[in-house]
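Scroll down for the structure; my scribbles are underneath it.
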Amino acid sequence: MRYSELVEVYEGLSSTSKRLEKAGILADFLKRVPSDEVGEVVLLLQGRLFPAWDEREVGVASQLMVKAISLASGSDAASVEREWKMTGDLGNVAENLVKGRRQRTLASSELSVGKVFSNLSKLAVIGGEGSVDRKLQLISELLTSAKGVEARYIARTVLGDLRVGVGEGLLRDAVVWAYFMRVRDDFSKEEREEYNAFVDAVQQAYDLTNDFAVVAKAAKENGLEGLRSVRIVLGRPIKVMLALKVDDLKDALEAVGSPLQAEFKYDGFRIEIVKDDNGRIMLFTRRLDNVTAQFPDVVESVREHVRGKTFILDAEAVGYDKHSLRYLPFQSISQRIKRKYDIEKTASEFPVEINVFDVLAYNGRSMVGEPFRQRRALVERIVDDVKRGIRPAEAVVTGSIKEIESFFAKSKAAGNEGLMLKGLDSPYKPGARVGYMLKYKKTLENLDLVVVGAEWGEGKRSSWITSYTLACRSDGKLLEVGKVSTGLKEKPEEGFSFDDMTKLLKPLIKGEDGKSVKVKPKVVIEVAYEEIQKSPTYESGYALRFPRVIRNRTDEKGVNDINTLADVERLYRQQKKAKGGSK
């Protein structure tokens with residue numbers, strides 16, 4: 001397939017903000033894509049070369065792209081830098097300069113999707129002496145053969161900044177429309193049931209693989225049967241199940257069922273433990289980042305204290321004080337997630353306990369459809385109870401509100417956030433936020449939001465980026481919901497600081513206007529607030545009153561994991577109800 005055909009789709013997606021139009025463009029295109037290329041195409045539509053769980057990275061910085069554009073266009077690097085400063089987008093720079101290049105090689109030919117995918121995917125595996133020159137050659141080869149608009153999207157793909165708005169929900173709908181039928185208002189009851197069954201099958205296949213390339217290929221080749229044949233692949237993580245918040249235990253018992261299981265809700269980070277049939281143990285965050293190398297102590301604990309040939313376990317890693325053995329807040333161990341050096345020393349200074357609360361696969365068998373009571377019983381059989389090592393999450397089974405409250409107090413006294421409340425007969429729904437797993441914290445619910453803009457500080461803070469524009473998500477778009485500038489520390493040793501945030505945001509800057517900067521949406525922070533107000537100022541229609549930064553969650557959550565506009569609206573309604581409808 002010609003790369004120009006894919007670029008036409010990029011252009012069509014960029015020309016509309018309407019979700020249904022985008023889904024239609026994608027669906028019509030996917031129908032035309034040959035079966036043997038659909039996997040590569042679906043990845044490229046997301047601006048990816050590898051699935052979300054794959055730890056390989058292209059590893060190309062902006063300055064290398066400047067050199068590639070210079071080489072391919074015949075322009076000197078200074079000209080590329082000037083153009084970049086004016087446009088703020090190296091994709092546009094590549095397009096403009098490639099269009100006007102001084103000379104074109106006679107050997108240039110029309111680009112194919114396969115050629116683009118092959119060259120770019122090789123970037124992730126090149127290393128050692130001379131690797132920069134080899135990467136430069138691969139990129140400039142594509143840019144030299146590219147038409148102007150093709151160069152724009154090649155550059156953006158390399159830099160991980162495609163900007164066409166293809167999210168998970170949009171791809172799911174496009175796969176359904178392409179390989180089953182397009183949604184209509186005049187569906188009969190039977191057609192509606194068939195349509196919903198296909199949607200559910202697409203979603204389940206994606207939740208089990210975290211790879212729409214696999215899903216699209218299965219749907220294209222074998223339809224519903226192909227989707228239902230998709231299974232968990234050993235050695236690959238799957239999306240974790242998510243909880244809803246509950247404020248009233250009576251409501252919780254009605255929603256989840258009585259009796260239920262109450263578990264400690266630890267203030268750590270979610271960790272998925274995978275053991276494949278080669279005996280290799282891997283650790284993944286809820287974002288599917290591979291953090292095995294950073295936690296050799298956890299790998300050893302799993303190897304020694306978990307029985308089974310293969311498995312996927314859902315757990316929480318929580319830090320604790322070496323002397324008092326008391327649980328510590330997440331921030332105390334967050335630095336371990338990205339640590340690349342002095343790992344053993346860091347593991348000794350910031351130890352973690354692994355609390356296993358679910359099992360998703362065991363000895364080659366998927367467990368996601370089994371009731372929770374059976375999955376929990378299996379956890380207790382295969383995981384040793386090693387305090388401050390690895391153990392089944394502390395839990396009680398009860399239908400008594402009084403007993404749940406008592407267990408809640410015990411959890412808080414241990415340094416935890418609260419409780420998780422789970423239905424005993426419920427299945428595991430990867431990637432879903434379900435009503436039979438609830439979190440009970442007795443506090444105003446914080447929001448996880450992404451930074452989309454910021455401002456440089458003044459005076460003694462002039463070297464820091466100190467004010468941050470926040471956004472929630474809605475139908476593949478990011479909607480601003482306020483600004484925050486409090487909650488961070490001036491000294492890094494005191495906690496998450498302005499300096500820490502500045503180091504995170506500076507590489508993500510896409511453009512500057514005076515003190516204001518636009519940034520690539522990647523940094524996710526947890527934010528507390530006094531209340532949510534209606535506001536015409538922000539696209540979401542809401543604003544946070546007196547927000548403050550609680551912690552950095554970038555290592556745990558991606559943009560697809562942040563709170564939605566529906567969450568903000570729900571919290572606004574709850575707040576209004578609590579105040580007697582006065583606002």
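Within each chain, counting starts at residue 1; across the structure tokens, chains are named A, B, ... in the order shown, with ligands numbered 1 upward in that order.
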**OP:** May I have the residues within 6 Å of Val517 (chain A) as a ChimeraX atom specification, using only C-alpha atoms and disregarding those fewer than 4 positions away in the same chain?
**Re:** /A:453-455,511-512
Subject >> Given only C-alpha atoms as the counted atoms, nearest of A:Asp251, A:Glu191, A:Glu141, A:Glu221 to Ala178 (chain A) >> reply: A:Glu221
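Counting only C-alpha atoms and comparing A:Asn416, A:Gln294, A:Ser109, A:Asn563, the residue that lies closest to Ile337 (chain A) is A:Gln294.
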**OP:** Excluding Thr16 (chain A) and residues on its chain fewer than 5 positions from it, collect all residues at most 12 Å away from it, counting only C-alpha atoms, and give them as a PyMOL selection string.
**Re:** chain A and resi 9-11+21-25+164-166+477
Selection to disk with N, CA and C atoms, as a JSON list (two decimals), in the first residue's frame:
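What landed in result-v6.json:
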[["chain", "number", "residue", "atom", "x", "y", "z"],
["A", 9, "VAL", "N", -5.45, 9.83, 4.78],
["A", 9, "VAL", "CA", -6.29, 9.56, 5.95],
["A", 9, "VAL", "C", -5.88, 10.48, 7.10],
["A", 10, "TYR", "N", -4.57, 10.64, 7.32],
["A", 10, "TYR", "CA", -4.10, 11.58, 8.35],
["A", 10, "TYR", "C", -4.70, 12.97, 8.10],
["A", 11, "GLU", "N", -4.66, 13.41, 6.88],
["A", 11, "GLU", "CA", -5.18, 14.73, 6.53],
["A", 11, "GLU", "C", -6.68, 14.82, 6.77],
["A", 21, "GLU", "N", -17.32, 11.47, 12.12],
["A", 21, "GLU", "CA", -16.63, 11.64, 10.84],
["A", 21, "GLU", "C", -15.27, 10.95, 10.87],
["A", 22, "LYS", "N", -14.56, 11.12, 11.96],
["A", 22, "LYS", "CA", -13.26, 10.46, 12.09],
["A", 22, "LYS", "C", -13.41, 8.94, 12.01],
["A", 23, "ALA", "N", -14.40, 8.42, 12.73],
["A", 23, "ALA", "CA", -14.61, 6.96, 12.72],
["A", 23, "ALA", "C", -14.95, 6.47, 11.32],
["A", 24, "GLY", "N", -15.73, 7.25, 10.59],
["A", 24, "GLY", "CA", -16.09, 6.89, 9.22],
["A", 24, "GLY", "C", -14.88, 6.88, 8.30],
["A", 25, "ILE", "N", -14.02, 7.89, 8.44],
["A", 25, "ILE", "CA", -12.80, 7.96, 7.62],
["A", 25, "ILE", "C", -11.93, 6.73, 7.88],
["A", 164, "VAL", "N", -3.31, 13.47, 15.11],
["A", 164, "VAL", "CA", -4.51, 13.24, 14.30],
["A", 164, "VAL", "C", -5.68, 12.75, 15.16],
["A", 165, "GLY", "N", -5.46, 12.57, 16.46],
["A", 165, "GLY", "CA", -6.56, 12.28, 17.37],
["A", 165, "GLY", "C", -7.17, 10.90, 17.26],
["A", 166, "VAL", "N", -6.34, 9.87, 17.06],
["A", 166, "VAL", "CA", -6.86, 8.50, 16.99],
["A", 166, "VAL", "C", -6.64, 7.84, 18.34],
["A", 477, "LYS", "N", -10.70, 13.86, 22.84],
["A", 477, "LYS", "CA", -10.20, 15.23, 22.93],
["A", 477, "LYS", "C", -9.81, 15.55, 24.35]]
Original post:
Skipping near chain neighbours, those fewer than 3 positions away, what residues fall within 10 Å of Lys422 (chain A) using only C-alpha atoms, listed as JSON, numbers by chain?
Top reply: {"A": [243, 252, 253, 255, 256, 257, 258, 259, 260, 261, 262, 263, 372, 373, 397, 419, 425, 426, 435, 436, 437, 438, 439]}
Subject >> DSSP-assigned alpha helix (DSSP H) among region 272-477 of chain A, expressed as JSON, numbers by chain >> reply: {"A": [296, 297, 298, 299, 300, 301, 302, 303, 304, 305, 343, 344, 345, 346, 347, 348, 349, 372, 373, 374, 375, 376, 377, 378, 379, 380, 381, 382, 401, 402, 403, 404, 405, 406, 407, 408, 409, 410, 411, 412, 413]}
Original post:
Can you list, as number ranges by chain, every protein, DNA or RNA residue that comes within 6 Å of Arg270 (chain A) when you count only C-alpha atoms, leaving out same-chain residues fewer than 4 positions away?
Top reply: A: 285-286, 315-316
Output of the above residues as an mmCIF file, in the first residue's frame, restricted to C-alpha atoms:
data_model
loop_
_atom_site.group_PDB
_atom_site.id
_atom_site.type_symbol
_atom_site.label_atom_id
_atom_site.label_comp_id
_atom_site.auth_asym_id
_atom_site.auth_seq_id
_atom_site.Cartn_x
_atom_site.Cartn_y
_atom_site.Cartn_z
ATOM 1 C CA THR A 285 2.957 -0.622 35.553
ATOM 2 C CA ARG A 286 -0.706 0.076 34.874
ATOM 3 C CA ALA A 315 -0.891 -6.357 42.673
ATOM 4 C CA GLU A 316 0.098 -3.136 44.409
#
Original post:
Neighbours of Glu539 (chain A) within 9 Å (only C-alpha atoms; same-chain residues fewer than 5 positions away dropped), as a list in words?
Top reply: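 That gives Leu478, Leu479, Glu480 and Val481 of chain A.
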Okay, now the selection with N, CA and C atoms, as a JSON list (two decimals), in the first residue's frame?
[["chain", "number", "residue", "atom", "x", "y", "z"],
["A", 478, "LEU", "N", -8.93, 16.54, 24.51],
["A", 478, "LEU", "CA", -8.54, 17.03, 25.82],
["A", 478, "LEU", "C", -9.18, 18.38, 26.05],
["A", 479, "LEU", "N", -9.91, 18.52, 27.14],
["A", 479, "LEU", "CA", -10.65, 19.74, 27.45],
["A", 479, "LEU", "C", -10.10, 20.38, 28.71],
["A", 480, "GLU", "N", -9.72, 21.65, 28.61],
["A", 480, "GLU", "CA", -9.15, 22.34, 29.77],
["A", 480, "GLU", "C", -10.16, 22.49, 30.89],
["A", 481, "VAL", "N", -9.65, 22.32, 32.12],
["A", 481, "VAL", "CA", -10.54, 22.36, 33.28],
["A", 481, "VAL", "C", -9.94, 23.23, 34.40]]
Original post:
Given the choices A:Ile273, A:Val158, A:Asp267, A:Asp289, which gets closest to Tyr320 (chain A) if the distance is worked out from only C-alpha atoms?
Top reply: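 Smallest separation from Tyr320 (chain A) among the options: A:Asp267.
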**OP:** Determine, counting only C-alpha atoms, which protein, DNA and RNA residues have an atom within 8 Å of an atom of region 323-327 of chain A; residues of the same chain fewer than 4 positions away are not included. Present the result as number ranges by chain.
**Re:** A: 318-319, 388, 414-416
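With only C-alpha atoms as the atoms that count, the residue of A:Pro351, A:Arg307, A:Gly128, A:Phe50 with the shortest distance to Val214 (chain A) is A:Phe50.
Distance check against Asp161 (chain A) using only C-alpha atoms: of A:Cys472, A:Val519, A:Val549, A:Val450, the minimum falls on A:Val519.
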Subject >> Separation of CA of Glu83 (chain A) from CA of Leu504 (chain A), in Å and rounded to one decimal >> reply: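 Interatomic distance, CA of Glu83 (chain A) to CA of Leu504 (chain A): 24.8 Å.
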Counting only C-alpha atoms, give me one row per residue of region 146-189 of chain A with an atom at most 9 Å from an atom of region 54-73 of chain A, showing the shortest contact pair and its distance in Å to one decimal, sorted by chain then residue number, as a Markdown table.
| residue | atom | partner | partner_atom | distance |
| --- | --- | --- | --- | --- |
| A:Ala151 | CA | A:Ile69 | CA | 9.0 |
| A:Ala155 | CA | A:Met65 | CA | 7.3 |
| A:Val158 | CA | A:Val60 | CA | 6.8 |
| A:Leu159 | CA | A:Val60 | CA | 6.6 |
| A:Gly160 | CA | A:Val58 | CA | 8.7 |
With C-alpha atoms retained, write the just-selected residues as a PDB file, in the first residue's frame.
ATOM      1  CA  ALA A 151       7.571  14.340   5.265  1.00  0.00           C
ATOM      2  CA  ALA A 155       8.741  13.480  11.196  1.00  0.00           C
ATOM      3  CA  VAL A 158       9.393   9.589  14.599  1.00  0.00           C
ATOM      4  CA  LEU A 159       8.953  12.211  17.334  1.00  0.00           C
ATOM      5  CA  GLY A 160       5.801  10.571  18.754  1.00  0.00           C
TER       6      GLY A 160
END
**OP:** Please report, as a list in words, each residue of region 278-356 of chain A to which DSSP assigns strand (DSSP E) when run on this structure's backbone.
**Re:** Ile281, Met282, Leu283, Phe284, Thr285, Phe311, Ile312, Leu313, Asp314, Ala315, Glu316, Ala317, Val318, Gly319, Val352, Glu353, Ile354, Asn355 and Val356 of chain A
I need the chosen residues saved as a short mmCIF file (atom, residue, chain, number, x, y, z; two decimals), in the first residue's frame, with C-alpha atoms.
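Listed below is the output, selection-v8.cif:
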data_model
loop_
_atom_site.label_atom_id
_atom_site.label_comp_id
_atom_site.auth_asym_id
_atom_site.auth_seq_id
_atom_site.Cartn_x
_atom_site.Cartn_y
_atom_site.Cartn_z
CA ILE A 281 9.39 -12.85 35.31
CA MET A 282 8.40 -9.37 34.13
CA LEU A 283 6.85 -6.41 35.93
CA PHE A 284 4.61 -3.82 34.31
CA THR A 285 2.96 -0.62 35.55
CA PHE A 311 0.81 -16.58 35.58
CA ILE A 312 -0.35 -12.97 35.43
CA LEU A 313 -0.93 -11.37 38.85
CA ASP A 314 -2.51 -8.02 39.68
CA ALA A 315 -0.89 -6.36 42.67
CA GLU A 316 0.10 -3.14 44.41
CA ALA A 317 3.68 -2.19 45.29
CA VAL A 318 3.72 -0.08 48.45
CA GLY A 319 6.76 1.48 50.09
CA VAL A 352 8.55 -2.20 48.72
CA GLU A 353 6.00 -4.79 49.75
CA ILE A 354 4.00 -6.47 47.00
CA ASN A 355 0.35 -7.06 47.85
CA VAL A 356 -1.26 -9.46 45.39
#
**OP:** Enter the distance from CA of Gly279 (chain A) to CA of Pro237 (chain A), in Å, rounded to one decimal.
**Re:** 15.2 Å
Subject >> Distance criterion (only C-alpha atoms): nearest to Met86 (chain A) out of A:Arg545, A:Ser540, A:Ile154, A:Lys510 >> reply: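 Between A:Arg545, A:Ser540, A:Ile154, A:Lys510, the residue approaching Met86 (chain A) most closely is A:Lys510.
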Subject >> CA of Pro427 (chain A) to CA of Tyr206 (chain A), distance in Å rounded to a single decimal >> reply: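 Answer for the CA of Pro427 (chain A) to CA of Tyr206 (chain A) separation: 16.9 Å.
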